[in-house]
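*Asks:* First the structure, then my questions, so here it is.
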Amino acid sequence: MKRNIVNINFKEFIQKIPQRTQLVNFLIDTLCIEREAVYRRMRGEVPFSFEEVALISKRLRISLDQLLDIEMKKQRPFTLQIADFENPTEEDYEIWENYNYNLSQFIQNGSFTTFETWTTIPFPFCYQFYNLTKFYIFKWAFQVNNHTTLKRFDDIELDKKFCNISLKSYDLYQQAISSDYILANFVFHDLIKDIQFFHDLHCLSKENVKLLVQEMEACLTMWEKLTMSGKYDNSDRKINVYITDINIDTNYTLIETQDDFICYLRSFTLNSLVTSEEDTYNYMKNSFHSLKRLSTHISVSGEKERIKYFEKERNMIETLK
């Protein structure tokens, strides 16, 4: 097959990748070529083909528009990861496992830090609870799959492989050097409204609601304990929790190491928009720190505000009983 050659200085771009990522081995594995063939490309003796650039950009989560320098100044590329949480395929598993792979690579290269804003329960913690996870998938199916006949909560089956991948994500997550969370003033507010809505539609039984309430209370207790200690169990890795009175309009996560980063914007309940574009990362991180300055720190310190916050959340959950 004829190979189309990309007339761009791609070699200069990939040479910016930190040495610790073992660039040569990465190119050997990605392109399935010999070591000497990689060196010839690195020296500029042989250009990268378009197919090779596409493979590398996919592995590095880099837009081809970005590499070709054709994006508009005020536009930034994102990849929308559209996974099917109700009837997952191997491609869906690959999306979820790729998230764990990225975390594993970050840990291997010296661990990572996270910066997150949430209007609801942070998903890494939510995934520890079977029925809460099931409810979000139930809501996702209602929103995305457009069932002609409204499904009941009991009709949803949690995929075991997805559950295992999610639990592994949480284990990896706890290895962050530090994690900063900015939470909306009522993280259970929308969830409670959704539960009541589906209960009124007879999609959730009273027993379903009771189970969800129990798990919300357990989740809140776990979250309060982490906030009080400012760290994960049996770990010195720091957790900083902030509460803001300003409306948070986007749930997003920034994960960074000394040499790398990745940005996730949550969409359609469970899906994510993903980018590793530097200007977007800087924009999101600046927005995070601006919001943090207008928020109250409640982990370890701020005991009065912390007690008041968790009391409000418990009272809201009580309304479902």
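Residue names in the structure tokens use chain letters A, B, ... in the order shown, residue numbers from 1 in each chain, and ligand numbers from 1 in the order shown.
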Near Ile28 of chain A, counting only C-alpha atoms, which residues have an atom at most 12 Å away, once you skip same-chain residues fewer than 5 positions from it, shown as a VMD selection string?

*Replies:* chain A and resid 22 to 23 33 to 39 41 to 42 52 55 to 56

*Asks:* Find the residues near segment 250-261 of chain A: any atom within 6 Å, counting only C-alpha atoms, skip ones fewer than 4 places away on the same chain, and give them as a ChimeraX atom specification.

*Replies:* /A:112-118,265-266

*Asks:* Mind writing the picked residues with N, CA and C atoms as a compact mmCIF listing (two decimals), in the first residue's frame?

*Replies:*
# COMPACT_ATOMS: atom_id res chain seq x y z
N PHE A 112 1.48 11.25 40.50
CA PHE A 112 0.73 12.32 39.86
C PHE A 112 -0.07 13.08 40.90
N THR A 113 -0.63 14.22 40.48
CA THR A 113 -1.54 15.00 41.30
C THR A 113 -2.83 15.20 40.51
N THR A 114 -3.93 15.46 41.22
CA THR A 114 -5.20 15.70 40.55
C THR A 114 -5.82 16.99 41.05
N PHE A 115 -6.55 17.65 40.15
CA PHE A 115 -7.32 18.84 40.47
C PHE A 115 -8.71 18.62 39.88
N GLU A 116 -9.75 18.68 40.72
CA GLU A 116 -11.08 18.30 40.25
C GLU A 116 -12.16 19.23 40.77
N THR A 117 -13.16 19.47 39.94
CA THR A 117 -14.36 20.17 40.38
C THR A 117 -15.55 19.24 40.16
N TRP A 118 -16.46 19.21 41.14
CA TRP A 118 -17.59 18.28 41.07
C TRP A 118 -18.86 18.93 41.58
N LEU A 265 -13.21 16.42 30.76
CA LEU A 265 -14.46 17.14 31.02
C LEU A 265 -15.58 16.13 30.98
N ARG A 266 -16.35 16.04 32.06
CA ARG A 266 -17.43 15.06 32.11
C ARG A 266 -18.62 15.54 31.28

*Asks:* From a DSSP pass on the backbone, collect the residues of segment 93-211 of chain A flagged as alpha helix (DSSP H) and hand them back as an MDAnalysis selection string.

*Replies:* chainID A and resid 93:108 123:126 130:144 160:173 189:200 206:211

*Asks:* Compare A:Val209, A:Ile246, A:Ile182, A:Leu270 by their minimum atom-to-atom distance to Ile317 of chain A, counting only C-alpha atoms, and give me the closest one.

*Replies:*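 So, comparing all the options, the nearest one is A:Val209.
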
*Asks:* Please report the interatomic distance between atom CA of Asp171 of chain A and atom CA of Phe135 of chain A in Å with one decimal.

*Replies:*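 Separation of atom CA of Asp171 of chain A and atom CA of Phe135 of chain A: 21.9 Å.
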
*Asks:* Pick out the residues sitting within 9 Å of segment 213-221 of chain A, and hand them over as a compact mmCIF listing (two decimals) with all heavy atoms, in the first residue's frame; count only C-alpha atoms, and ignore anything fewer than 4 positions along from it in its own chain.

*Replies:*
# COMPACT_ATOMS: atom_id res chain seq x y z
N ILE A 121 -21.17 13.56 43.57
CA ILE A 121 -20.17 12.73 44.22
C ILE A 121 -19.03 12.46 43.23
O ILE A 121 -19.29 12.00 42.11
CB ILE A 121 -20.77 11.38 44.65
CG1 ILE A 121 -22.07 11.58 45.42
CG2 ILE A 121 -19.77 10.58 45.48
CD1 ILE A 121 -22.87 10.31 45.56
N PHE A 125 -15.07 7.80 43.94
CA PHE A 125 -15.61 7.36 45.23
C PHE A 125 -16.97 6.72 45.05
O PHE A 125 -17.31 5.74 45.71
CB PHE A 125 -15.70 8.55 46.19
CG PHE A 125 -14.37 9.19 46.43
CD1 PHE A 125 -13.97 10.29 45.69
CD2 PHE A 125 -13.50 8.69 47.39
CE1 PHE A 125 -12.72 10.87 45.89
CE2 PHE A 125 -12.26 9.26 47.60
CZ PHE A 125 -11.87 10.36 46.85
N CYS A 126 -17.75 7.27 44.13
CA CYS A 126 -19.08 6.71 43.86
C CYS A 126 -18.99 5.26 43.40
O CYS A 126 -19.82 4.42 43.76
CB CYS A 126 -19.77 7.57 42.80
SG CYS A 126 -21.37 6.95 42.27
N GLN A 128 -17.33 2.95 44.38
CA GLN A 128 -17.17 1.97 45.45
C GLN A 128 -18.51 1.40 45.92
O GLN A 128 -18.54 0.46 46.71
CB GLN A 128 -16.48 2.62 46.66
CG GLN A 128 -15.16 3.32 46.34
CD GLN A 128 -14.23 2.41 45.59
OE1 GLN A 128 -13.80 1.39 46.11
NE2 GLN A 128 -13.92 2.77 44.35
N PHE A 129 -19.60 1.96 45.41
CA PHE A 129 -20.93 1.59 45.88
C PHE A 129 -21.76 1.07 44.71
O PHE A 129 -22.01 1.78 43.74
CB PHE A 129 -21.60 2.78 46.55
CG PHE A 129 -20.84 3.28 47.75
CD1 PHE A 129 -19.90 4.29 47.61
CD2 PHE A 129 -21.03 2.70 48.99
CE1 PHE A 129 -19.18 4.74 48.70
CE2 PHE A 129 -20.31 3.13 50.09
CZ PHE A 129 -19.38 4.16 49.95
N TYR A 130 -22.19 -0.17 44.84
CA TYR A 130 -22.83 -0.89 43.74
C TYR A 130 -24.08 -0.18 43.22
O TYR A 130 -24.22 0.07 42.02
CB TYR A 130 -23.18 -2.31 44.20
CG TYR A 130 -23.80 -3.16 43.11
CD1 TYR A 130 -23.00 -3.90 42.25
CD2 TYR A 130 -25.19 -3.22 42.96
CE1 TYR A 130 -23.57 -4.67 41.26
CE2 TYR A 130 -25.76 -3.99 41.97
CZ TYR A 130 -24.95 -4.72 41.12
OH TYR A 130 -25.51 -5.48 40.11
N ASN A 131 -25.00 0.15 44.11
CA ASN A 131 -26.28 0.70 43.67
C ASN A 131 -26.15 2.15 43.18
O ASN A 131 -26.87 2.55 42.25
CB ASN A 131 -27.31 0.62 44.80
CG ASN A 131 -27.79 -0.80 45.03
OD1 ASN A 131 -28.51 -1.37 44.23
ND2 ASN A 131 -27.34 -1.39 46.13
N LEU A 132 -25.25 2.93 43.76
CA LEU A 132 -25.01 4.27 43.26
C LEU A 132 -24.44 4.22 41.85
O LEU A 132 -24.85 4.97 40.96
CB LEU A 132 -24.06 5.03 44.19
CG LEU A 132 -24.65 5.57 45.48
CD1 LEU A 132 -23.57 6.23 46.33
CD2 LEU A 132 -25.77 6.56 45.19
N PHE A 188 -25.21 16.25 46.78
CA PHE A 188 -26.26 15.23 46.68
C PHE A 188 -27.58 15.81 46.16
O PHE A 188 -28.54 15.06 45.93
CB PHE A 188 -26.51 14.58 48.05
CG PHE A 188 -25.44 13.61 48.45
CD1 PHE A 188 -24.39 14.02 49.25
CD2 PHE A 188 -25.47 12.29 48.03
CE1 PHE A 188 -23.40 13.13 49.63
CE2 PHE A 188 -24.49 11.39 48.39
CZ PHE A 188 -23.44 11.81 49.19
N ASN A 208 -35.58 0.05 46.26
CA ASN A 208 -34.46 0.63 45.53
C ASN A 208 -34.02 1.94 46.17
O ASN A 208 -32.82 2.18 46.36
CB ASN A 208 -34.84 0.91 44.07
CG ASN A 208 -35.16 -0.32 43.27
OD1 ASN A 208 -36.01 -0.28 42.37
ND2 ASN A 208 -34.51 -1.44 43.57
N VAL A 209 -34.97 2.79 46.49
CA VAL A 209 -34.66 4.08 47.10
C VAL A 209 -33.98 3.87 48.44
O VAL A 209 -32.99 4.55 48.78
CB VAL A 209 -35.94 4.93 47.26
CG1 VAL A 209 -35.62 6.22 48.04
CG2 VAL A 209 -36.54 5.27 45.90
N LYS A 225 -14.85 11.17 56.51
CA LYS A 225 -13.65 10.64 57.17
C LYS A 225 -12.38 11.04 56.43
O LYS A 225 -11.39 11.45 57.05
CB LYS A 225 -13.75 9.11 57.25
CG LYS A 225 -12.58 8.45 57.97
CD LYS A 225 -12.75 6.93 57.99
CE LYS A 225 -11.55 6.26 58.65
NZ LYS A 225 -11.68 4.78 58.64
N LEU A 226 -12.42 10.94 55.10
CA LEU A 226 -11.26 11.34 54.31
C LEU A 226 -11.00 12.84 54.45
O LEU A 226 -9.84 13.27 54.52
CB LEU A 226 -11.50 11.00 52.83
CG LEU A 226 -11.54 9.51 52.46
CD1 LEU A 226 -11.94 9.34 51.01
CD2 LEU A 226 -10.18 8.85 52.71
N PHE A 310 -21.38 18.75 56.08
CA PHE A 310 -21.82 17.36 56.08
C PHE A 310 -23.18 17.19 56.76
O PHE A 310 -23.96 16.30 56.41
CB PHE A 310 -20.76 16.46 56.74
CG PHE A 310 -19.59 16.20 55.84
CD1 PHE A 310 -18.40 16.90 56.00
CD2 PHE A 310 -19.68 15.28 54.81
CE1 PHE A 310 -17.32 16.68 55.16
CE2 PHE A 310 -18.60 15.05 53.96
CZ PHE A 310 -17.42 15.76 54.13
N GLU A 313 -25.68 17.99 54.07
CA GLU A 313 -25.80 16.88 53.12
C GLU A 313 -26.63 15.74 53.71
O GLU A 313 -27.46 15.14 53.03
CB GLU A 313 -24.42 16.38 52.71
CG GLU A 313 -23.57 17.39 51.92
CD GLU A 313 -24.09 17.63 50.52
OE1 GLU A 313 -25.03 16.92 50.09
OE2 GLU A 313 -23.58 18.53 49.84
N ARG A 314 -26.40 15.43 54.98
CA ARG A 314 -27.18 14.36 55.62
C ARG A 314 -28.66 14.72 55.70
O ARG A 314 -29.53 13.86 55.50
CB ARG A 314 -26.63 14.09 57.02
CG ARG A 314 -25.35 13.28 57.02
CD ARG A 314 -25.01 12.72 58.39
NE ARG A 314 -23.85 11.84 58.27
CZ ARG A 314 -22.60 12.27 58.34
NH1 ARG A 314 -22.35 13.56 58.56
NH2 ARG A 314 -21.59 11.42 58.19
N ILE A 317 -30.26 14.04 52.36
CA ILE A 317 -30.49 12.62 52.12
C ILE A 317 -31.69 12.14 52.91
O ILE A 317 -32.48 11.29 52.44
CB ILE A 317 -29.23 11.80 52.49
CG1 ILE A 317 -28.05 12.19 51.58
CG2 ILE A 317 -29.51 10.29 52.39
CD1 ILE A 317 -26.73 11.58 51.97
N GLU A 318 -31.88 12.69 54.09
CA GLU A 318 -33.00 12.32 54.95
C GLU A 318 -34.34 12.56 54.27
O GLU A 318 -35.34 11.90 54.58
CB GLU A 318 -32.95 13.10 56.27
CG GLU A 318 -31.89 12.62 57.25
CD GLU A 318 -32.30 11.33 57.95
OE1 GLU A 318 -33.51 11.10 58.08
OE2 GLU A 318 -31.41 10.56 58.35
N LEU A 320 -35.33 11.74 51.51
CA LEU A 320 -35.77 10.59 50.71
C LEU A 320 -36.36 9.47 51.56
O LEU A 320 -36.94 8.52 51.05
CB LEU A 320 -34.61 10.03 49.88
CG LEU A 320 -34.21 10.80 48.62
CD1 LEU A 320 -32.96 10.19 48.00
CD2 LEU A 320 -35.36 10.81 47.61
N LYS A 321 -36.20 9.55 52.86
CA LYS A 321 -36.66 8.46 53.73
C LYS A 321 -38.17 8.55 53.96
O LYS A 321 -38.75 9.63 53.98
CB LYS A 321 -35.92 8.52 55.07
CG LYS A 321 -34.44 8.17 54.93
CD LYS A 321 -33.77 8.12 56.29
CE LYS A 321 -32.31 7.69 56.17
NZ LYS A 321 -31.62 7.64 57.48

*Asks:* Nearest residue to Val241 of chain A out of A:Glu45, A:Glu305, A:Asp84, A:Glu90, using only C-alpha atoms?

*Replies:*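 When distances to Val241 of chain A are compared using only C-alpha atoms, the smallest one comes from A:Glu305.
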
*Asks:* Need the shell around Ile82 of chain A: protein/DNA/RNA residues with any atom at most 9 Å away, counting only C-alpha atoms. Skip same-chain ones fewer than 2 positions apart. Format as a list in words?

*Replies:*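 Listed by chain and then number, they are Leu80, Asp84, Asp92, Ile95, Asn271, Ser272 and Leu273 of chain A.
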